[in-house]
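Have a look at query38.csv below; it lists CSV, C-alpha atoms and all ligand atoms.
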chain,number,residue,atom,x,y,z
A,1,MET,CA,98.9,117.4,109.1
A,2,THR,CA,98.3,114.2,107.1
A,3,SER,CA,97.2,114.6,103.5
A,4,PHE,CA,97.0,112.0,100.7
A,5,ALA,CA,95.1,110.7,97.8
A,6,TYR,CA,94.2,107.0,97.9
A,7,THR,CA,92.7,104.9,95.0
A,8,SER,CA,92.1,101.2,95.4
A,9,GLY,CA,91.8,98.7,92.6
A,10,PRO,CA,88.4,96.9,92.0
A,11,ALA,CA,89.8,93.3,92.0
A,12,ARG,CA,87.7,90.4,93.3
A,13,VAL,CA,89.8,88.2,95.6
A,14,VAL,CA,88.9,84.7,96.6
A,15,PHE,CA,91.2,83.2,99.2
A,16,GLY,CA,91.4,79.7,100.7
A,17,PRO,CA,92.7,76.1,100.3
A,18,GLY,CA,91.0,74.6,97.3
A,19,VAL,CA,89.7,77.7,95.7
A,20,LEU,CA,91.1,76.7,92.3
A,21,ASP,CA,88.2,74.3,92.2
A,22,ARG,CA,85.9,77.4,91.9
A,23,LEU,CA,87.5,78.5,88.7
A,24,PRO,CA,84.5,77.5,86.5
A,25,GLU,CA,82.1,79.6,88.5
A,26,GLU,CA,84.5,82.6,88.4
A,27,VAL,CA,84.8,82.3,84.6
A,28,ARG,CA,81.0,82.2,84.4
A,29,ARG,CA,80.7,85.1,86.8
A,30,LEU,CA,82.6,87.2,84.3
A,31,GLY,CA,80.1,86.1,81.6
A,32,ARG,CA,82.8,84.1,79.7
A,33,SER,CA,83.0,80.6,78.3
A,34,ARG,CA,86.3,80.1,76.5
A,35,ALA,CA,89.2,80.4,78.8
A,36,LEU,CA,92.9,80.3,77.7
A,37,VAL,CA,95.1,79.1,80.5
A,38,VAL,CA,98.6,80.7,80.5
A,39,SER,CA,101.5,79.3,82.6
A,40,GLY,CA,105.2,78.9,82.6
A,41,ALA,CA,107.7,76.1,83.6
A,42,GLY,CA,107.5,74.8,87.1
A,43,THR,CA,103.7,75.0,87.5
A,44,ALA,CA,102.6,72.4,85.0
A,45,GLY,CA,100.6,70.5,87.7
A,46,ALA,CA,98.7,73.5,88.8
A,47,ALA,CA,98.0,74.6,85.2
A,48,ALA,CA,96.8,71.1,84.3
A,49,GLN,CA,94.5,71.1,87.4
A,50,ALA,CA,93.1,74.5,86.3
A,51,ALA,CA,92.6,73.2,82.7
A,52,ALA,CA,90.8,70.1,84.1
A,53,ASN,CA,88.6,72.1,86.4
A,54,LEU,CA,87.5,74.3,83.5
A,55,GLY,CA,86.2,71.3,81.5
A,56,PRO,CA,84.0,72.6,78.6
A,57,LEU,CA,85.0,76.2,79.5
A,58,LEU,CA,88.6,75.5,78.4
A,59,ALA,CA,89.6,77.0,75.0
A,60,GLY,CA,93.3,76.0,75.3
A,61,HIS,CA,96.6,76.2,77.2
A,62,PHE,CA,99.8,78.2,76.5
A,63,ALA,CA,102.7,77.0,78.7
A,64,GLY,CA,105.5,79.4,77.5
A,65,ALA,CA,105.4,82.3,80.0
A,66,ALA,CA,108.9,83.6,80.8
A,67,MET,CA,110.4,86.0,83.3
A,68,HIS,CA,110.2,89.7,82.6
A,69,THR,CA,107.4,89.2,80.0
A,70,PRO,CA,109.4,89.2,76.7
A,71,VAL,CA,107.3,90.7,73.9
A,72,ASP,CA,108.0,87.9,71.5
A,73,VAL,CA,106.5,85.3,73.8
A,74,THR,CA,103.4,87.6,74.2
A,75,ALA,CA,103.1,87.8,70.4
A,76,GLU,CA,103.2,84.0,70.1
A,77,ALA,CA,100.5,83.6,72.9
A,78,LEU,CA,98.4,86.4,71.2
A,79,GLU,CA,98.2,84.3,68.0
A,80,LEU,CA,96.8,81.5,70.1
A,81,VAL,CA,94.2,83.7,71.8
A,82,ARG,CA,93.0,84.8,68.4
A,83,SER,CA,93.1,81.4,66.7
A,84,LEU,CA,91.2,79.8,69.6
A,85,ASP,CA,88.8,82.7,69.9
A,86,ALA,CA,89.4,82.8,73.7
A,87,ASP,CA,87.2,85.2,75.6
A,88,CYS,CA,89.1,85.2,78.9
A,89,LEU,CA,92.5,84.6,80.4
A,90,VAL,CA,93.5,82.4,83.3
A,91,SER,CA,97.1,82.8,84.4
A,92,VAL,CA,98.4,80.1,86.7
A,93,GLY,CA,101.9,80.6,88.2
A,94,GLY,CA,104.2,83.3,89.5
A,95,GLY,CA,104.7,86.8,88.4
A,96,SER,CA,105.8,85.6,84.9
A,97,ALA,CA,102.5,83.9,84.2
A,98,THR,CA,100.5,86.8,85.7
A,99,GLY,CA,102.6,89.2,83.5
A,100,LEU,CA,101.8,87.3,80.4
A,101,GLY,CA,98.1,87.3,81.3
A,102,LYS,CA,98.3,91.1,81.7
A,103,ALA,CA,100.2,91.6,78.5
A,104,LEU,CA,97.5,89.6,76.6
A,105,SER,CA,94.6,91.3,78.5
A,106,VAL,CA,95.9,94.8,77.7
A,107,ARG,CA,96.3,93.9,74.0
A,108,THR,CA,92.9,92.3,73.6
A,109,GLY,CA,90.6,93.8,76.3
A,110,LEU,CA,89.9,90.3,77.6
A,111,PRO,CA,89.4,89.8,81.4
A,112,GLN,CA,92.0,88.0,83.4
A,113,ILE,CA,91.7,85.6,86.4
A,114,ALA,CA,95.0,85.3,88.1
A,115,VAL,CA,95.9,82.2,90.1
A,116,PRO,CA,99.3,83.0,91.8
A,117,SER,CA,101.7,80.4,92.9
A,118,THR,CA,104.4,82.7,94.3
A,119,TYR,CA,104.5,85.8,96.5
A,120,ALA,CA,105.3,88.3,93.7
A,121,GLY,CA,102.0,90.3,94.2
A,122,SER,CA,101.6,91.2,90.5
A,123,GLU,CA,98.1,89.8,90.5
A,124,VAL,CA,96.8,92.8,92.5
A,125,THR,CA,98.6,95.6,90.6
A,126,PRO,CA,97.7,97.6,87.5
A,127,VAL,CA,101.4,97.5,86.5
A,128,LEU,CA,103.0,95.6,83.6
A,129,GLY,CA,106.7,95.4,82.9
A,130,GLU,CA,107.8,94.0,79.5
A,131,THR,CA,111.2,93.3,77.9
A,132,ASP,CA,112.2,93.5,74.2
A,133,GLY,CA,115.9,92.6,74.4
A,134,THR,CA,117.0,96.2,75.0
A,135,GLY,CA,115.6,96.8,78.5
A,136,LYS,CA,112.4,96.8,80.5
A,137,THR,CA,109.4,99.1,79.9
A,138,THR,CA,106.9,99.5,82.6
A,139,ARG,CA,103.4,101.0,82.3
A,140,SER,CA,100.5,101.3,84.6
A,141,ALA,CA,96.8,101.5,83.7
A,142,PRO,CA,93.6,100.4,85.5
A,143,GLU,CA,92.7,97.9,82.7
A,144,ILE,CA,95.9,96.0,83.4
A,145,LEU,CA,94.6,94.9,86.9
A,146,PRO,CA,93.3,91.3,86.8
A,147,GLU,CA,89.6,91.2,87.4
A,148,THR,CA,89.7,88.2,89.7
A,149,VAL,CA,92.4,86.6,91.9
A,150,LEU,CA,92.2,83.1,93.3
A,151,TYR,CA,94.6,82.6,96.1
A,152,ASP,CA,94.8,78.8,96.7
A,153,VAL,CA,97.4,78.0,99.3
A,154,ARG,CA,97.7,74.4,97.9
A,155,LEU,CA,99.5,75.8,94.8
A,156,THR,CA,102.3,77.2,97.0
A,157,LEU,CA,103.0,74.1,99.0
A,158,GLY,CA,105.5,72.8,96.3
A,159,LEU,CA,107.2,76.2,95.9
A,160,PRO,CA,110.8,75.2,96.7
A,161,VAL,CA,112.3,76.8,99.8
A,162,PRO,CA,114.9,79.0,98.0
A,163,LEU,CA,112.1,80.4,95.7
A,164,SER,CA,109.8,80.8,98.8
A,165,VAL,CA,112.5,82.8,100.6
A,166,THR,CA,113.3,85.1,97.7
A,167,SER,CA,109.7,85.5,96.6
A,168,GLY,CA,108.7,86.3,100.3
A,169,VAL,CA,111.4,89.0,100.5
A,170,ASN,CA,110.2,90.3,97.1
A,171,ALA,CA,106.8,90.8,98.7
A,172,MET,CA,108.4,92.5,101.8
A,173,ALA,CA,110.1,94.9,99.4
A,174,HIS,CA,106.7,96.2,98.2
A,175,ALA,CA,105.7,96.8,101.8
A,176,VAL,CA,108.9,98.4,102.8
A,177,GLU,CA,108.9,100.9,100.0
A,178,ALA,CA,105.2,101.7,100.6
A,179,LEU,CA,106.2,102.9,104.1
A,180,TYR,CA,108.5,105.6,102.7
A,181,SER,CA,106.6,106.3,99.5
A,182,PRO,CA,105.6,109.9,98.8
A,183,ASP,CA,102.1,108.5,98.5
A,184,ALA,CA,102.2,106.7,101.9
A,185,ASN,CA,98.8,106.9,103.7
A,186,PRO,CA,97.2,105.2,106.7
A,187,ALA,CA,95.7,102.4,104.6
A,188,THR,CA,98.9,101.4,102.9
A,189,GLY,CA,100.9,101.9,106.1
A,190,ALA,CA,98.6,99.4,107.9
A,191,LEU,CA,98.7,96.9,105.0
A,192,ALA,CA,102.5,97.2,104.8
A,193,ARG,CA,103.1,96.6,108.5
A,194,ARG,CA,100.8,93.6,108.5
A,195,ALA,CA,102.4,92.2,105.4
A,196,ILE,CA,105.9,92.4,106.8
A,197,THR,CA,104.7,90.9,110.1
A,198,LEU,CA,103.0,88.0,108.3
A,199,LEU,CA,105.9,87.3,105.9
A,200,ALA,CA,108.6,87.5,108.6
A,201,GLY,CA,106.5,85.2,110.9
A,202,ALA,CA,105.8,82.7,108.0
A,203,LEU,CA,109.2,82.3,106.3
A,204,PRO,CA,111.1,80.5,109.2
A,205,GLY,CA,108.2,78.0,109.3
A,206,ILE,CA,108.3,77.4,105.5
A,207,VAL,CA,112.1,77.0,105.6
A,208,ALA,CA,111.7,74.4,108.4
A,209,ASP,CA,108.7,72.7,106.7
A,210,PRO,CA,107.7,73.8,103.2
A,211,GLY,CA,104.4,71.9,103.6
A,212,ASP,CA,103.3,73.9,106.6
A,213,VAL,CA,99.9,75.0,105.5
A,214,ASP,CA,99.4,77.7,108.2
A,215,ALA,CA,102.8,79.3,107.4
A,216,ARG,CA,102.0,79.1,103.7
A,217,SER,CA,98.7,80.7,104.3
A,218,ASP,CA,100.2,83.6,106.3
A,219,ALA,CA,102.9,84.1,103.6
A,220,LEU,CA,100.2,84.2,100.9
A,221,THR,CA,98.1,86.7,102.9
A,222,GLY,CA,101.2,88.8,103.4
A,223,ALA,CA,102.0,88.7,99.7
A,224,TRP,CA,98.5,89.8,98.8
A,225,LEU,CA,98.6,92.8,101.2
A,226,ALA,CA,102.1,93.7,100.0
A,227,GLY,CA,100.9,93.5,96.4
A,228,ILE,CA,98.1,95.9,97.2
A,229,CYS,CA,100.8,98.3,98.5
A,230,LEU,CA,102.8,97.9,95.3
A,231,GLY,CA,99.6,98.5,93.2
A,232,THR,CA,98.5,101.5,95.2
A,233,VAL,CA,101.5,103.8,95.9
A,234,ARG,CA,104.6,104.8,94.0
A,235,MET,CA,107.6,102.6,94.7
A,236,GLY,CA,111.1,104.0,95.4
A,237,PRO,CA,114.8,103.4,94.7
A,238,HIS,CA,114.7,99.7,95.5
A,239,HIS,CA,112.2,98.9,92.8
A,240,LYS,CA,113.9,101.2,90.3
A,241,LEU,CA,117.2,99.4,90.8
A,242,CYS,CA,115.7,95.9,90.7
A,243,HIS,CA,113.8,96.7,87.4
A,244,MET,CA,117.0,98.0,85.9
A,245,LEU,CA,119.0,94.9,87.0
A,246,GLY,CA,116.4,92.5,85.8
A,247,GLY,CA,115.6,94.3,82.5
A,248,SER,CA,119.1,95.2,81.5
A,249,TYR,CA,121.2,92.3,82.8
A,250,GLY,CA,118.6,89.5,83.0
A,251,LEU,CA,119.1,89.0,86.7
A,252,PRO,CA,116.4,86.8,88.3
A,253,HIS,CA,113.6,88.9,89.7
A,254,ALA,CA,113.0,87.7,93.3
A,255,PRO,CA,116.7,86.9,94.1
A,256,THR,CA,117.6,90.4,93.0
A,257,HIS,CA,115.0,91.9,95.3
A,258,THR,CA,116.4,89.8,98.1
A,259,VAL,CA,120.0,90.9,97.6
A,260,MET,CA,119.1,94.6,97.2
A,261,LEU,CA,116.5,95.1,99.9
A,262,PRO,CA,118.7,95.3,103.0
A,263,GLN,CA,121.2,97.4,101.1
A,264,VAL,CA,118.6,99.9,99.8
A,265,MET,CA,117.1,100.1,103.3
A,266,ALA,CA,120.5,101.0,104.7
A,267,HIS,CA,120.8,103.6,102.0
A,268,GLN,CA,117.4,105.0,102.9
A,269,ALA,CA,117.6,104.7,106.6
A,270,ALA,CA,118.6,108.3,107.4
A,271,LYS,CA,115.8,109.6,105.2
A,272,ALA,CA,113.1,107.3,106.5
A,273,PRO,CA,113.7,106.6,110.2
A,274,GLU,CA,110.1,106.0,111.0
A,275,ALA,CA,109.7,103.5,108.2
A,276,MET,CA,112.8,101.7,109.5
A,277,ARG,CA,111.4,101.6,113.0
A,278,VAL,CA,108.1,100.1,111.7
A,279,VAL,CA,110.0,97.5,109.7
A,280,ALA,CA,112.3,96.6,112.6
A,281,GLU,CA,109.3,96.1,114.9
A,282,ALA,CA,107.5,93.9,112.3
A,283,LEU,CA,110.7,91.9,111.7
A,284,LYS,CA,111.3,91.7,115.5
A,285,VAL,CA,114.9,92.9,115.1
A,286,ARG,CA,116.8,95.9,116.6
A,287,ASP,CA,118.0,97.5,113.3
A,288,ALA,CA,115.9,97.0,110.1
A,289,PRO,CA,118.6,96.8,107.3
A,290,SER,CA,121.2,94.6,109.2
A,291,GLY,CA,118.4,92.6,110.9
A,292,LEU,CA,116.8,91.8,107.5
A,293,TYR,CA,120.2,90.9,106.1
A,294,ASP,CA,120.8,88.4,109.0
A,295,LEU,CA,117.3,86.9,108.6
A,296,ILE,CA,117.8,86.4,104.8
A,297,THR,CA,121.2,84.7,105.6
A,298,SER,CA,119.5,82.5,108.2
A,299,TRP,CA,116.8,81.5,105.6
A,300,GLY,CA,119.6,80.6,103.1
A,301,GLY,CA,118.8,83.5,100.7
A,302,PRO,CA,121.3,85.2,98.4
A,303,THR,CA,123.1,88.3,99.7
A,304,SER,CA,125.3,89.4,96.7
A,305,LEU,CA,124.7,90.5,93.1
A,306,ARG,CA,127.9,88.6,92.3
A,307,GLU,CA,126.3,85.2,93.1
A,308,LEU,CA,123.3,86.2,90.8
A,309,GLY,CA,125.7,86.5,87.8
A,310,LEU,CA,126.4,90.3,87.6
A,311,THR,CA,130.0,91.0,86.8
A,312,ALA,CA,132.2,93.7,88.4
A,313,GLY,CA,132.8,95.1,84.9
A,314,GLU,CA,129.0,95.8,84.6
A,315,LEU,CA,128.7,97.9,87.8
A,316,ASP,CA,129.7,101.3,86.3
A,317,ASP,CA,127.4,100.8,83.4
A,318,ALA,CA,124.5,99.7,85.7
A,319,ALA,CA,125.1,102.8,87.9
A,320,ARG,CA,124.7,105.1,84.9
A,321,ARG,CA,121.3,103.6,84.1
A,322,VAL,CA,119.5,104.9,87.2
A,323,ASP,CA,119.3,108.3,88.8
A,324,ILE,CA,119.8,107.7,92.5
A,325,ASP,CA,122.2,109.5,94.9
A,326,GLY,CA,125.2,107.3,95.7
A,327,VAL,CA,124.1,104.5,93.4
A,328,ARG,CA,127.6,103.4,92.5
A,329,ALA,CA,128.5,102.8,96.1
A,330,LEU,CA,125.2,101.1,96.8
A,331,LEU,CA,125.7,98.7,93.8
A,332,GLY,CA,129.2,98.1,95.0
A,333,VAL,CA,128.2,96.8,98.5
A,334,ALA,CA,125.3,94.8,96.9
A,335,TYR,CA,127.7,93.3,94.5
A,336,GLN,CA,130.0,92.2,97.3
A,337,GLY,CA,127.1,91.3,99.6
A,338,THR,CA,128.5,93.2,102.5
A,339,ARG,CA,126.4,93.2,105.7
A,340,PRO,CA,124.9,96.6,106.2
A,341,PRO,CA,126.5,98.4,109.3
B,1,LIG,P1,108.3,83.4,88.2
B,1,LIG,O1,106.9,83.6,87.9
B,1,LIG,O2,109.2,83.6,87.0
B,1,LIG,O3,108.6,82.1,88.9
B,1,LIG,C1,109.9,81.7,89.3
B,1,LIG,C2,110.1,80.3,89.1
B,1,LIG,O4,109.3,79.5,90.0
B,1,LIG,C3,109.7,79.8,87.7
B,1,LIG,O5,110.6,78.8,87.3
B,1,LIG,C4,108.4,79.1,88.0
B,1,LIG,O6,108.0,78.1,87.1
B,1,LIG,C5,108.6,78.6,89.4
B,1,LIG,N1,107.4,78.4,90.2
B,1,LIG,C6,106.4,79.3,90.4
B,1,LIG,N2,105.5,78.9,91.2
B,1,LIG,C7,105.9,77.6,91.6
B,1,LIG,C8,105.4,76.7,92.5
B,1,LIG,N3,104.3,76.9,93.2
B,1,LIG,N4,106.0,75.5,92.6
B,1,LIG,C9,107.2,75.3,92.0
B,1,LIG,N5,107.7,76.2,91.1
B,1,LIG,C10,107.1,77.3,90.9
B,1,LIG,O7,108.9,84.5,89.3
B,1,LIG,P2,108.1,85.5,90.2
B,1,LIG,O8,109.2,86.0,91.1
B,1,LIG,O9,106.9,85.0,90.8
B,1,LIG,O10,107.7,86.7,89.2
B,1,LIG,C11,108.7,87.4,88.6
B,1,LIG,C12,108.1,88.2,87.4
B,1,LIG,O11,106.9,88.9,87.8
B,1,LIG,C13,109.0,89.2,86.8
B,1,LIG,O12,108.9,89.2,85.4
B,1,LIG,C14,108.6,90.5,87.4
B,1,LIG,O13,108.9,91.6,86.7
B,1,LIG,C15,107.1,90.3,87.5
B,1,LIG,N6,106.4,91.0,88.6
B,1,LIG,C16,105.6,92.0,88.2
B,1,LIG,C17,104.9,92.7,89.2
B,1,LIG,C18,104.0,93.8,88.8
B,1,LIG,O14,103.2,94.3,89.6
B,1,LIG,N7,103.9,94.1,87.5
B,1,LIG,C19,105.1,92.4,90.6
B,1,LIG,C20,106.0,91.4,90.9
B,1,LIG,C21,106.7,90.7,89.9
Represent the structure of the file as structure tokens.
Amino acid sequence: MTSFAYTSGPARVVFGPGVLDRLPEEVRRLGRSRALVVSGAGTAGAAAQAAANLGPLLAGHFAGAAMHTPVDVTAEALELVRSLDADCLVSVGGGSATGLGKALSVRTGLPQIAVPSTYAGSEVTPVLGETDGTGKTTRSAPEILPETVLYDVRLTLGLPVPLSVTSGVNAMAHAVEALYSPDANPATGALARRAITLLAGALPGIVADPGDVDARSDALTGAWLAGICLGTVRMGPHHKLCHMLGGSYGLPHAPTHTVMLPQVMAHQAAKAPEAMRVVAEALKVRDAPSGLYDLITSWGGPTSLRELGLTAGELDDAARRVDIDGVRALLGVAYQGTRPP
């Protein structure tokens, strides 16, 4: 017998090439008139475009968003929100910009329009992870969910191939863990399967031609659907490990997901055979963990924690930070980048 509880978030999603041009009407739709654009390095062009589109609705621009949402950066941006008397937030960029927008929104009650430029999926989740130098603290609350998301595929055309690959696998991880989540249900199962299919279909096209609009559009659609999974059901050991590695050792978010996902899938395979069957089918491979590892290799993605900067001496300490059966051995193979059997 199937039984579950399902709650979906109330976000408004506008998707299509050029939807960034509709930013002013989306600000007005929220009843607001003084928008603060927040962004990080790497998306200066898109942020400038957003600011230009806003015209008289622009209150200012903060360009200092950083990975893992450090609280001191948030404090600096918060001063600007107050001094400019901003009445809404527009985050332009990857998960780092979205995270800063969420951190400001939850502190001020201001609404947020998220304009994503990667496949992180944070824009459709009510989850916020923040770092303060000692580790990462994650919280979830309905008011953290951005009110509006503008998915403009044009913003992703310049996402470099290595970032596209790792960010795409980051999105896949949300979908994979949704399949074996204790909260798994028919809606998230369907979204997860479709997300993995779209991402696996799109990534080879993006690697071959980063400007392929159709592949980019499929990847962004997959990222959205995977993000809904992340925001709707509890995530498992993979996300727990990646949060720990990012928060405690400063490892880069999406590359860490890329290294860990095939290894955690191999670790979970015996417990979640049906999920692995669905993933293998969506990836068009015979065995999900080793098949994904081979795909990541063929797309030029990273396979070991060692190449991301973790040291062998940190493995024992890292293993003590999470409560997962067999975690030391799992971190050991991920450190070496051994192909799952
Ligand atoms: P990111 O936002 O830090 O972006 C990675 C790099 O890519 C940055 O240097 C950025 O400037 C650059 N970049 C982004 N878009 C670009 C584009 N279109 N063209 C060229 N360069 C571009 O990384 P991310 O992987 O998107 O997000 C990671 C952060 O998001 C982490 O802090 C993570 O914890 C958080 N996150 C949160 C959730 C959630 O639900 N709370 C979900 C996923 C990720």
_Give me, as number ranges by chain, all polymer residues having an atom no more than 12 Å from A:Ala44, counting all atoms listed in the file and skipping those fewer than 5 positions away in the same chain._
A: 37-39, 49-51, 61-65, 91-94, 97, 117, 155, 158
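With atom CA of A:Thr2 on one side and atom C20 of ligand LIG 1 (chain B) on the other, the separation reads 29.0 Å.
From atom CA of A:Leu54 back to atom CA of A:Pro24, the distance works out to 5.3 Å.
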*Pick from A:Leu283, A:His257, A:Ala178, A:Asp21: nearest to A:Gly201, with all atoms listed in the file counted?*
A:Leu283
*What residues have any atom no more than 7 Å from ligand LIG 1 (chain B) when counting all atoms listed in the file, and can you list them as JSON, numbers by chain?*
{"A": [40, 41, 42, 43, 66, 67, 68, 69, 93, 94, 95, 96, 97, 99, 117, 118, 119, 120, 121, 122, 123, 125, 126, 127, 128, 129, 155, 156, 157, 158, 159, 160, 163, 167, 230, 231, 253, 254]}
